[in-house]
$ cat target_4.csv   # CSV, C-alpha atoms
chain,number,residue,atom,x,y,z
A,231,MET,CA,45.0,-25.8,17.3
A,232,GLY,CA,41.4,-26.0,18.3
A,233,LEU,CA,39.2,-29.0,18.8
A,234,ALA,CA,37.5,-28.5,15.4
A,235,SER,CA,40.8,-28.4,13.5
A,236,LEU,CA,42.1,-31.6,15.2
A,237,PHE,CA,38.9,-33.4,14.4
A,238,ALA,CA,39.1,-32.3,10.8
A,239,ALA,CA,42.6,-33.9,10.7
A,240,ALA,CA,41.5,-37.1,12.4
A,241,PRO,CA,41.1,-40.3,10.4
A,242,LEU,CA,37.6,-41.5,9.7
A,243,ALA,CA,36.6,-44.4,12.0
A,244,ALA,CA,32.9,-44.5,11.6
A,245,ALA,CA,33.0,-48.1,10.5
A,246,ALA,CA,34.7,-49.2,13.7
A,247,HIS,CA,32.2,-48.0,16.3
A,248,GLN,CA,32.3,-51.3,18.2
A,249,LEU,CA,35.6,-50.5,19.7
A,250,VAL,CA,35.5,-47.8,22.3
A,251,VAL,CA,38.8,-45.8,22.6
A,252,PHE,CA,39.4,-43.3,25.3
A,253,ALA,CA,42.5,-41.5,26.5
A,254,SER,CA,42.8,-39.5,29.6
A,255,VAL,CA,45.7,-37.2,30.3
A,256,ASP,CA,47.5,-35.6,33.2
A,257,CYS,CA,50.7,-33.5,33.1
A,258,GLU,CA,52.9,-36.6,32.7
A,259,VAL,CA,51.2,-39.3,30.7
A,260,VAL,CA,48.4,-40.1,28.3
A,261,THR,CA,46.5,-43.2,29.5
A,262,VAL,CA,44.9,-45.1,26.6
A,263,GLU,CA,41.9,-47.4,27.2
A,264,ALA,CA,40.3,-49.7,24.6
A,265,LYS,CA,37.3,-51.9,25.1
A,266,PHE,CA,34.5,-53.3,23.0
A,267,SER,CA,31.0,-52.1,23.2
A,268,ASN,CA,29.9,-55.2,25.0
A,269,GLY,CA,32.2,-54.1,27.8
A,270,ARG,CA,35.0,-56.6,27.1
A,271,VAL,CA,38.5,-55.3,27.3
A,272,ALA,CA,40.5,-55.3,24.1
A,273,GLN,CA,43.5,-57.5,25.0
A,274,THR,CA,45.7,-57.1,22.0
A,275,GLY,CA,46.2,-54.3,19.4
A,276,GLU,CA,48.4,-51.6,18.2
A,277,VAL,CA,48.4,-48.0,19.5
A,278,ARG,CA,49.4,-45.3,17.1
A,279,VAL,CA,50.2,-41.9,18.3
A,280,LEU,CA,49.9,-39.1,15.8
A,281,ASP,CA,50.3,-35.3,16.2
A,282,GLY,CA,47.6,-32.8,15.4
A,283,GLU,CA,48.7,-32.7,11.8
A,284,ASN,CA,48.1,-36.5,11.5
A,285,ALA,CA,51.8,-37.3,11.3
A,286,LEU,CA,52.7,-40.6,13.0
A,287,MET,CA,55.1,-40.1,16.0
A,288,THR,CA,55.2,-43.5,17.7
A,289,THR,CA,53.5,-46.9,18.0
A,290,LEU,CA,53.2,-49.2,21.0
A,291,PRO,CA,51.4,-52.3,21.8
A,292,LEU,CA,48.1,-52.4,23.7
A,293,GLY,CA,48.5,-54.2,27.0
A,294,SER,CA,46.4,-57.2,28.0
A,295,ASP,CA,44.5,-54.9,30.3
A,296,GLY,CA,43.3,-52.9,27.3
A,297,MET,CA,45.5,-50.0,28.3
A,298,ALA,CA,48.7,-48.2,27.1
A,299,ARG,CA,50.6,-45.3,28.5
A,300,VAL,CA,52.3,-42.6,26.5
A,301,PRO,CA,54.6,-40.3,28.4
A,302,LEU,CA,54.0,-36.8,27.4
A,303,THR,CA,57.7,-36.1,27.2
A,304,SER,CA,58.0,-38.8,24.5
A,305,VAL,CA,55.9,-36.9,22.0
A,306,ASP,CA,55.3,-33.5,20.6
A,307,HIS,CA,51.9,-32.7,21.9
A,308,SER,CA,51.8,-29.0,21.2
A,309,SER,CA,49.2,-29.4,18.5
A,310,GLY,CA,47.3,-32.2,20.3
A,311,LEU,CA,47.4,-35.9,19.8
A,312,VAL,CA,45.4,-38.4,17.8
A,313,ILE,CA,45.4,-41.8,19.5
A,314,GLU,CA,44.5,-44.6,17.2
A,315,VAL,CA,43.9,-48.2,18.4
A,316,ASP,CA,43.8,-51.0,15.9
A,317,THR,CA,42.9,-54.5,17.2
A,318,GLY,CA,43.1,-56.0,13.7
A,319,GLY,CA,39.3,-56.4,13.2
A,320,HIS,CA,38.3,-53.1,14.8
A,321,ASP,CA,39.8,-49.7,15.2
A,322,ASN,CA,38.9,-46.3,16.6
A,323,TYR,CA,40.5,-43.2,17.9
A,324,TRP,CA,40.5,-40.6,20.6
A,325,ILE,CA,41.7,-37.0,20.2
A,326,VAL,CA,43.7,-35.4,23.0
A,327,THR,CA,43.4,-31.7,22.5
A,328,PRO,CA,45.9,-29.1,23.7
A,329,GLU,CA,43.0,-27.8,25.9
A,330,ASP,CA,42.7,-31.3,27.5
A,331,ILE,CA,46.3,-31.2,28.4
A,332,ALA,CA,46.3,-27.6,29.6
A,333,ARG,CA,43.2,-28.3,31.7
A,334,LYS,CA,44.9,-31.1,33.5
A,335,CYS,CA,48.1,-29.2,33.9
A,336,GLY,CA,46.2,-26.4,35.7
A,337,SER,CA,47.0,-23.8,33.1
B,44,MET,CA,-31.3,-21.0,22.6
B,45,LYS,CA,-31.0,-23.0,25.8
B,46,LYS,CA,-28.9,-25.5,23.8
B,47,HIS,CA,-26.5,-22.7,22.7
B,48,VAL,CA,-26.1,-21.6,26.3
B,49,LEU,CA,-25.4,-25.2,27.4
B,50,PHE,CA,-22.7,-25.6,24.6
B,51,ALA,CA,-21.1,-22.4,25.7
B,52,LEU,CA,-21.0,-23.5,29.3
B,53,LEU,CA,-19.5,-26.8,28.3
B,54,ALA,CA,-16.9,-25.2,26.1
B,55,SER,CA,-16.0,-22.8,28.8
B,56,SER,CA,-15.7,-25.6,31.3
B,57,VAL,CA,-13.4,-27.6,29.0
B,58,ALA,CA,-11.3,-24.6,28.3
B,59,VAL,CA,-10.4,-23.9,31.9
B,60,THR,CA,-9.9,-27.5,32.9
B,61,PRO,CA,-7.8,-29.2,30.3
B,62,ALA,CA,-6.4,-32.6,31.2
B,63,LEU,CA,-2.8,-31.4,31.6
B,64,ALA,CA,-0.2,-33.8,32.9
B,65,HIS,CA,2.6,-32.6,35.1
B,66,TYR,CA,6.1,-33.7,34.3
B,67,GLY,CA,9.4,-33.2,36.0
B,68,MET,CA,12.0,-32.6,33.3
B,69,ILE,CA,15.7,-33.1,32.9
B,70,ILE,CA,16.6,-32.3,29.3
B,71,PRO,CA,20.3,-32.4,28.2
B,72,ASN,CA,21.5,-30.5,25.2
B,73,ASP,CA,22.3,-33.8,23.6
B,74,PRO,CA,21.6,-37.4,24.9
B,75,MET,CA,24.6,-38.8,23.1
B,76,ILE,CA,27.7,-36.8,23.6
B,77,SER,CA,30.6,-37.6,21.2
B,78,GLN,CA,34.2,-36.4,21.6
B,79,GLU,CA,33.4,-34.0,18.8
B,80,ASP,CA,30.7,-32.4,20.9
B,81,GLY,CA,33.2,-31.3,23.6
B,82,ARG,CA,33.9,-32.3,27.1
B,83,SER,CA,30.8,-31.2,29.0
B,84,LEU,CA,27.0,-31.3,29.0
B,85,SER,CA,24.3,-28.7,29.6
B,86,LEU,CA,21.1,-29.7,31.4
B,87,THR,CA,17.8,-27.9,31.9
B,88,MET,CA,15.5,-28.8,34.7
B,89,SER,CA,11.9,-27.8,35.0
B,90,PHE,CA,8.4,-28.8,36.1
B,91,SER,CA,5.9,-28.4,33.3
B,92,HIS,CA,3.2,-29.4,31.0
B,93,PRO,CA,5.6,-30.3,28.2
B,94,PHE,CA,3.2,-30.5,25.3
B,95,GLU,CA,1.8,-27.1,25.9
B,96,LEU,CA,5.2,-25.7,27.0
B,97,ASP,CA,3.5,-24.5,30.1
B,98,GLY,CA,6.0,-24.1,32.9
B,99,MET,CA,5.4,-24.3,36.6
B,100,MET,CA,7.4,-23.5,39.7
B,101,LEU,CA,10.2,-26.0,40.3
B,102,GLU,CA,11.5,-25.3,43.8
B,103,LYS,CA,15.0,-26.3,44.7
B,104,PRO,CA,14.9,-30.1,44.6
B,105,VAL,CA,15.5,-32.3,47.6
B,106,ALA,CA,18.2,-34.1,45.6
B,107,PHE,CA,19.9,-33.9,42.3
B,108,THR,CA,22.4,-36.5,41.5
B,109,VAL,CA,24.5,-38.1,38.7
B,110,THR,CA,25.3,-41.8,38.7
B,111,HIS,CA,28.2,-43.1,36.6
B,112,GLU,CA,30.0,-46.4,36.8
B,113,GLY,CA,28.2,-47.2,40.0
B,114,THR,CA,29.1,-44.0,41.8
B,115,THR,CA,26.4,-41.5,42.7
B,116,THR,CA,27.4,-37.8,43.2
B,117,GLU,CA,25.2,-35.1,44.7
B,118,LEU,CA,25.1,-32.0,42.4
B,119,LEU,CA,22.4,-30.0,44.2
B,120,GLY,CA,24.8,-27.2,45.0
B,121,SER,CA,25.8,-26.8,41.4
B,122,LEU,CA,22.3,-26.0,40.1
B,123,GLN,CA,21.9,-22.6,38.7
B,124,ASP,CA,18.6,-20.7,38.8
B,125,ALA,CA,17.0,-20.3,35.4
B,126,THR,CA,13.7,-19.3,33.8
B,127,VAL,CA,12.3,-22.3,31.9
B,128,MET,CA,9.0,-22.0,30.1
B,129,GLU,CA,8.5,-18.7,31.8
B,130,ASP,CA,8.8,-20.2,35.3
B,131,GLN,CA,11.4,-21.2,37.9
B,132,GLY,CA,13.8,-23.9,36.8
B,133,PHE,CA,17.4,-24.8,36.9
B,134,THR,CA,20.4,-25.4,34.6
B,135,LEU,CA,23.6,-27.2,35.1
B,136,ASP,CA,26.8,-27.5,33.1
B,137,TYR,CA,28.5,-30.8,33.9
B,138,PRO,CA,32.0,-32.0,32.8
B,139,LEU,CA,32.1,-35.5,31.3
B,140,GLU,CA,35.5,-36.8,32.3
B,141,ARG,CA,35.1,-40.4,31.1
B,142,PRO,CA,33.0,-42.5,28.7
B,143,GLY,CA,29.9,-44.3,29.8
B,144,THR,CA,26.3,-43.6,30.7
B,145,TYR,CA,25.6,-40.8,33.0
B,146,ILE,CA,22.2,-40.9,34.8
B,147,PHE,CA,20.9,-37.6,36.1
B,148,ALA,CA,18.1,-37.9,38.7
B,149,MET,CA,16.0,-35.4,40.6
B,150,GLU,CA,13.9,-35.8,43.6
B,151,PRO,CA,11.8,-32.6,43.7
B,152,THR,CA,10.3,-30.8,46.7
B,153,PRO,CA,6.7,-32.0,47.0
B,154,TYR,CA,4.5,-29.8,44.9
B,155,TRP,CA,1.1,-28.9,46.3
B,156,GLU,CA,-1.6,-29.1,43.6
B,157,PRO,CA,-4.9,-27.7,44.9
B,158,ALA,CA,-6.8,-28.8,41.8
B,159,GLU,CA,-6.0,-32.4,42.6
B,160,ASP,CA,-6.1,-32.0,46.4
B,161,ALA,CA,-2.8,-33.8,46.5
B,162,PHE,CA,1.0,-33.4,46.5
B,163,ILE,CA,3.0,-34.4,43.5
B,164,VAL,CA,6.5,-35.8,43.7
B,165,HIS,CA,8.0,-36.9,40.4
B,166,TYR,CA,11.3,-38.7,40.7
B,167,THR,CA,12.8,-37.7,37.3
B,168,LYS,CA,15.7,-39.1,35.5
B,169,THR,CA,17.5,-38.9,32.1
B,170,TYR,CA,20.2,-41.1,30.7
B,171,VAL,CA,23.1,-39.6,28.7
B,172,THR,CA,25.8,-41.5,27.0
B,173,ALA,CA,29.3,-40.1,26.5
B,174,TYR,CA,32.0,-40.8,24.0
B,175,GLY,CA,30.6,-43.8,22.3
B,176,ASP,CA,30.3,-46.0,25.4
B,177,ASP,CA,26.8,-47.0,26.4
B,178,GLU,CA,27.7,-49.2,29.3
B,179,GLY,CA,25.3,-48.7,32.2
B,180,TRP,CA,22.3,-47.8,30.0
B,181,ASP,CA,20.0,-50.2,32.0
B,182,THR,CA,21.2,-49.0,35.4
B,183,GLU,CA,18.5,-49.1,38.2
B,184,LEU,CA,19.1,-46.3,40.6
B,185,GLY,CA,17.1,-47.6,43.5
B,186,LEU,CA,14.8,-44.6,43.7
B,187,LYS,CA,11.6,-44.7,45.7
B,188,THR,CA,9.9,-45.2,42.3
B,189,GLU,CA,11.5,-45.4,38.9
B,190,ILE,CA,11.1,-46.7,35.4
B,191,VAL,CA,14.0,-49.1,34.7
B,192,PRO,CA,14.7,-49.1,31.0
B,193,LEU,CA,14.4,-52.3,29.0
B,194,SER,CA,15.2,-50.4,25.8
B,195,LYS,CA,18.3,-48.3,25.6
B,196,PRO,CA,17.0,-44.9,26.7
B,197,PHE,CA,18.9,-43.1,24.0
B,198,GLY,CA,19.8,-43.9,20.4
B,199,LEU,CA,16.3,-44.9,19.5
B,200,TRP,CA,14.9,-44.1,16.0
B,201,GLU,CA,11.5,-42.5,15.7
B,202,HIS,CA,8.8,-45.2,15.6
B,203,ASN,CA,11.0,-47.6,17.7
B,204,VAL,CA,9.3,-48.8,20.8
B,205,PHE,CA,10.5,-47.9,24.3
B,206,GLN,CA,10.1,-50.5,27.0
B,207,GLY,CA,10.6,-50.1,30.7
B,208,ILE,CA,9.6,-51.7,34.0
B,209,VAL,CA,7.7,-49.6,36.5
B,210,LYS,CA,9.1,-50.1,40.0
B,211,MET,CA,8.1,-49.0,43.4
B,212,ASP,CA,10.4,-49.7,46.3
B,213,GLY,CA,12.4,-51.9,44.0
B,214,GLU,CA,9.4,-54.1,43.0
B,215,PRO,CA,7.6,-54.2,39.7
B,216,VAL,CA,4.1,-52.5,39.8
B,217,PRO,CA,1.6,-54.7,38.0
B,218,TYR,CA,-0.6,-52.9,35.5
B,219,ALA,CA,0.9,-49.5,36.4
B,220,GLU,CA,-0.5,-46.7,34.4
B,221,VAL,CA,2.1,-44.8,32.4
B,222,GLU,CA,1.4,-41.4,30.9
B,223,VAL,CA,3.3,-40.4,27.8
B,224,GLU,CA,3.8,-36.9,26.6
B,225,PHE,CA,5.9,-35.1,23.9
B,226,PHE,CA,8.1,-32.2,24.7
B,227,ASN,CA,6.7,-29.9,22.1
B,228,ASP,CA,9.7,-27.5,22.0
B,229,GLY,CA,10.0,-26.1,18.5
B,230,ALA,CA,7.9,-28.9,17.0
B,231,GLY,CA,4.6,-27.2,16.7
B,232,ALA,CA,2.7,-30.4,17.2
B,233,THR,CA,-1.1,-30.1,17.5
B,234,VAL,CA,-3.7,-32.5,18.6
B,235,PRO,CA,-7.1,-33.3,17.1
B,236,ASP,CA,-8.4,-33.8,20.6
B,237,GLU,CA,-7.0,-32.8,24.0
B,238,LEU,CA,-7.2,-36.4,25.0
B,239,MET,CA,-4.1,-36.9,22.8
B,240,ILE,CA,-1.9,-34.4,24.6
B,241,THR,CA,-1.1,-37.1,27.2
B,242,GLN,CA,-1.4,-40.7,26.0
B,243,THR,CA,-1.7,-43.5,28.4
B,244,VAL,CA,-0.5,-47.1,28.4
B,245,LYS,CA,-0.7,-49.7,31.1
B,246,ALA,CA,2.1,-52.0,32.1
B,247,ASP,CA,1.6,-55.8,32.1
B,248,ALA,CA,1.5,-58.1,35.2
B,249,ASP,CA,5.3,-57.7,35.5
B,250,GLY,CA,5.2,-54.0,35.4
B,251,VAL,CA,6.5,-53.8,31.8
B,252,PHE,CA,5.1,-51.2,29.4
B,253,THR,CA,5.7,-50.5,25.7
B,254,TYR,CA,5.3,-47.3,23.7
B,255,ALA,CA,6.2,-46.5,20.1
B,256,ALA,CA,7.0,-42.8,19.6
B,257,PRO,CA,5.4,-41.3,16.4
B,258,SER,CA,8.2,-38.7,15.9
B,259,ASP,CA,11.7,-37.8,16.9
B,260,GLY,CA,12.2,-35.6,19.9
B,261,TRP,CA,12.0,-35.9,23.6
B,262,TRP,CA,9.3,-38.1,25.1
B,263,GLY,CA,8.4,-38.2,28.8
B,264,PHE,CA,7.1,-41.3,30.5
B,265,ALA,CA,5.5,-40.9,33.9
B,266,ALA,CA,4.3,-43.9,35.9
B,267,LEU,CA,2.0,-42.6,38.5
B,268,ASN,CA,1.1,-44.2,41.8
B,269,THR,CA,-0.3,-43.0,45.2
B,270,ALA,CA,2.2,-43.0,48.0
B,271,ASP,CA,1.7,-45.1,51.1
B,272,TYR,CA,2.1,-41.9,53.2
B,273,THR,CA,0.5,-38.5,53.3
B,274,LEU,CA,1.7,-35.0,53.8
B,275,PRO,CA,0.1,-32.2,55.8
B,276,GLN,CA,-1.6,-29.3,54.1
B,277,ASP,CA,-3.8,-26.7,55.8
B,278,GLY,CA,-4.1,-29.0,58.9
B,279,GLU,CA,-5.1,-32.0,56.9
B,280,ASP,CA,-3.3,-35.1,55.7
B,281,LYS,CA,-3.2,-35.1,51.9
B,282,ALA,CA,-2.4,-37.8,49.4
B,283,VAL,CA,0.9,-37.8,47.6
B,284,GLU,CA,1.2,-38.8,43.9
B,285,LEU,CA,4.5,-40.4,43.2
B,286,GLY,CA,5.7,-40.3,39.7
B,287,ALA,CA,8.5,-42.3,38.1
B,288,VAL,CA,9.5,-40.2,35.2
B,289,ILE,CA,12.1,-40.9,32.5
B,290,TRP,CA,12.9,-38.8,29.5
B,291,VAL,CA,13.9,-40.5,26.3
B,292,HIS,CA,15.0,-39.0,23.1
B,293,PHE,CA,14.1,-40.5,19.7
B,294,GLU,CA,16.2,-39.7,16.7
B,295,GLU,CA,14.9,-38.7,13.3
B,296,TRP,CA,15.1,-41.6,10.8
B,297,THR,CA,17.6,-40.7,8.1
B,298,GLY,CA,16.7,-43.2,5.5
B,299,GLN,CA,14.5,-42.7,2.5
$ encode --input "target_4.csv" --output "structure tokens"
Amino acid sequence: MGLASLFAAAPLAAAAHQLVVFASVDCEVVTVEAKFSNGRVAQTGEVRVLDGENALMTTLPLGSDGMARVPLTSVDHSSGLVIEVDTGGHDNYWIVTPEDIARKCGS
Amino acid sequence: MKKHVLFALLASSVAVTPALAHYGMIIPNDPMISQEDGRSLSLTMSFSHPFELDGMMLEKPVAFTVTHEGTTTELLGSLQDATVMEDQGFTLDYPLERPGTYIFAMEPTPYWEPAEDAFIVHYTKTYVTAYGDDEGWDTELGLKTEIVPLSKPFGLWEHNVFQGIVKMDGEPVPYAEVEVEFFNDGAGATVPDELMITQTVKADADGVFTYAAPSDGWWGFAALNTADYTLPQDGEDKAVELGAVIWVHFEEWTGQ
């Protein structure tokens, strides 16, 4: 699945732009980071991991450091991942594409 | 008859000596990269008269860097030769690994301008934000001379004001003169008088200047000062014009 298809499947989060969500990936783990636009780390929240078809796979809590780690072996990432973070008052998402994972895996 | 000749001479004189301002340019394909835009950025570097789209030779710069999250990286070796506005320029594709503000800065090789009997060195920079994170938008790089933004140098609507502090050696330059020019790429802007190709504002006693852009697009701000050193040319010491240049993009207002 290409980047465009993944973005088409992603939830709309235009109203939650004050929360910045980013996820980096290597061959083993997806590292999720969430902070507010004023630079303050989001200290609580729920992280939802969805596949490229927008089906929920797992949820986990956001750490007090504004981070969460998702082992790649724990999810089906073949169609990419949609990482949603919801702090209660704000939410946003980051899309990990299959190309992002392939690039970091050196393939 | 004599009057006609005089007018013709004046017109000819004006035609060959327009008041063109020189600008170093760093223009990204987008000043605000979202995750939907991909994972990299394309930059085009040139030296030009941006309103007239008149390119000049941009030699290989002395330095070309990117600063992100307090770390500065030299990118000089990654520049690709390119023809920009029909003259020598450079391009660069740069991967954006993380969110935040990326500041691209160029120190050019001194440009000898015979018409001004001086060298021109324009320290040029452009701020780009990635993935919805604007942290670092007011970063001061510590260049020899630079405009430190007081307004976020991206995400401005047309007609907003842009404010910055002109600095030289880290200190504000009182009443610095700042030239402002539009990058007329695809816009077809015309002027009722050549005086309006380059507009000029002055900073206040604290080196702060303000300008409201009349349209969306890229606007270049160049604070010009004379260096406290000279460079040799044809056996003589020549003055050096130091420019602190920043390029700022204003967005088209979408309301009614």
$ residues_around --input "target_4.csv" --residues "Thr273 of chain B" --least-positions-apart "2" --cutoff "9 Å" --atoms "only C-alpha atoms" --output "JSON, numbers by chain"
{"B": [161, 162, 270, 271, 275, 280, 281, 282, 283]}
$ atom_distance --input "target_4.csv" --atom1 "atom CA of Leu119 of chain B" --atom2 "atom CA of Leu135 of chain B"
9.6 Å
$ closest_residue --input "target_4.csv" --among "A:Glu329, A:Thr303, A:Pro291, A:Ser308" --to "chain B" --atoms "all atoms listed in the file"
A:Glu329
$ closest_atom_pairs --input "target_4.csv" --of "chain A" --to "chain B" --cutoff "7 Å" --atoms "all atoms listed in the file" --output "CSV"
residue,atom,partner,partner_atom,distance
A:Val250,CA,B:Asp176,CA,6.3
A:Ser267,CA,B:Asp176,CA,6.5
A:Gly269,CA,B:Glu178,CA,6.8
$ write_last_selection --input "target_4.csv" --atoms "C-alpha atoms" --output "PDB file, in the frame of the given file"
ATOM      1  CA  VAL A 250      35.500 -47.800  22.300  1.00  0.00           C
ATOM      2  CA  SER A 267      31.000 -52.100  23.200  1.00  0.00           C
ATOM      3  CA  GLY A 269      32.200 -54.100  27.800  1.00  0.00           C
TER       4      GLY A 269
END
$ residues_around --input "target_4.csv" --residues "Phe252 of chain A" --least-positions-apart "3" --cutoff "12 Å" --atoms "only C-alpha atoms" --output "VMD selection string"
(chain A and resid 249 255 260 to 266 277 296 to 299 312 to 315 321 to 326) or (chain B and resid 77 to 78 140 to 143 173 to 176)
$ closest_residue --input "target_4.csv" --among "A:Ser309, A:Thr317, A:Thr327, A:Gln248" --to "Asp281 of chain A" --atoms "only C-alpha atoms"
A:Ser309
$ atom_distance --input "target_4.csv" --atom1 "atom CA of Leu199 of chain B" --atom2 "atom CA of Leu86 of chain B"
19.9 Å
$ decode --input "target_4.csv" --residues "segment 282-297 of chain A" --atoms "C-alpha atoms" --output "mmCIF file, in the first residue's frame"
data_model
loop_
_atom_site.group_PDB
_atom_site.id
_atom_site.type_symbol
_atom_site.label_atom_id
_atom_site.label_comp_id
_atom_site.auth_asym_id
_atom_site.auth_seq_id
_atom_site.Cartn_x
_atom_site.Cartn_y
_atom_site.Cartn_z
ATOM 1 C CA GLY A 282 -3.298 0.262 6.888
ATOM 2 C CA GLU A 283 -6.983 -0.587 6.526
ATOM 3 C CA ASN A 284 -7.765 1.341 9.707
ATOM 4 C CA ALA A 285 -8.492 -1.752 11.790
ATOM 5 C CA LEU A 286 -7.494 -1.430 15.434
ATOM 6 C CA MET A 287 -4.760 -3.876 16.408
ATOM 7 C CA THR A 288 -3.668 -2.805 19.860
ATOM 8 C CA THR A 289 -3.720 0.012 22.370
ATOM 9 C CA LEU A 290 -1.163 0.997 24.969
ATOM 10 C CA PRO A 291 -0.645 3.881 27.360
ATOM 11 C CA LEU A 292 1.523 6.865 26.592
ATOM 12 C CA GLY A 293 4.457 7.053 28.998
ATOM 13 C CA SER A 294 5.085 10.057 31.208
ATOM 14 C CA ASP A 295 7.958 10.909 28.867
ATOM 15 C CA GLY A 296 5.460 11.334 26.049
ATOM 16 C CA MET A 297 6.650 8.171 24.372
#
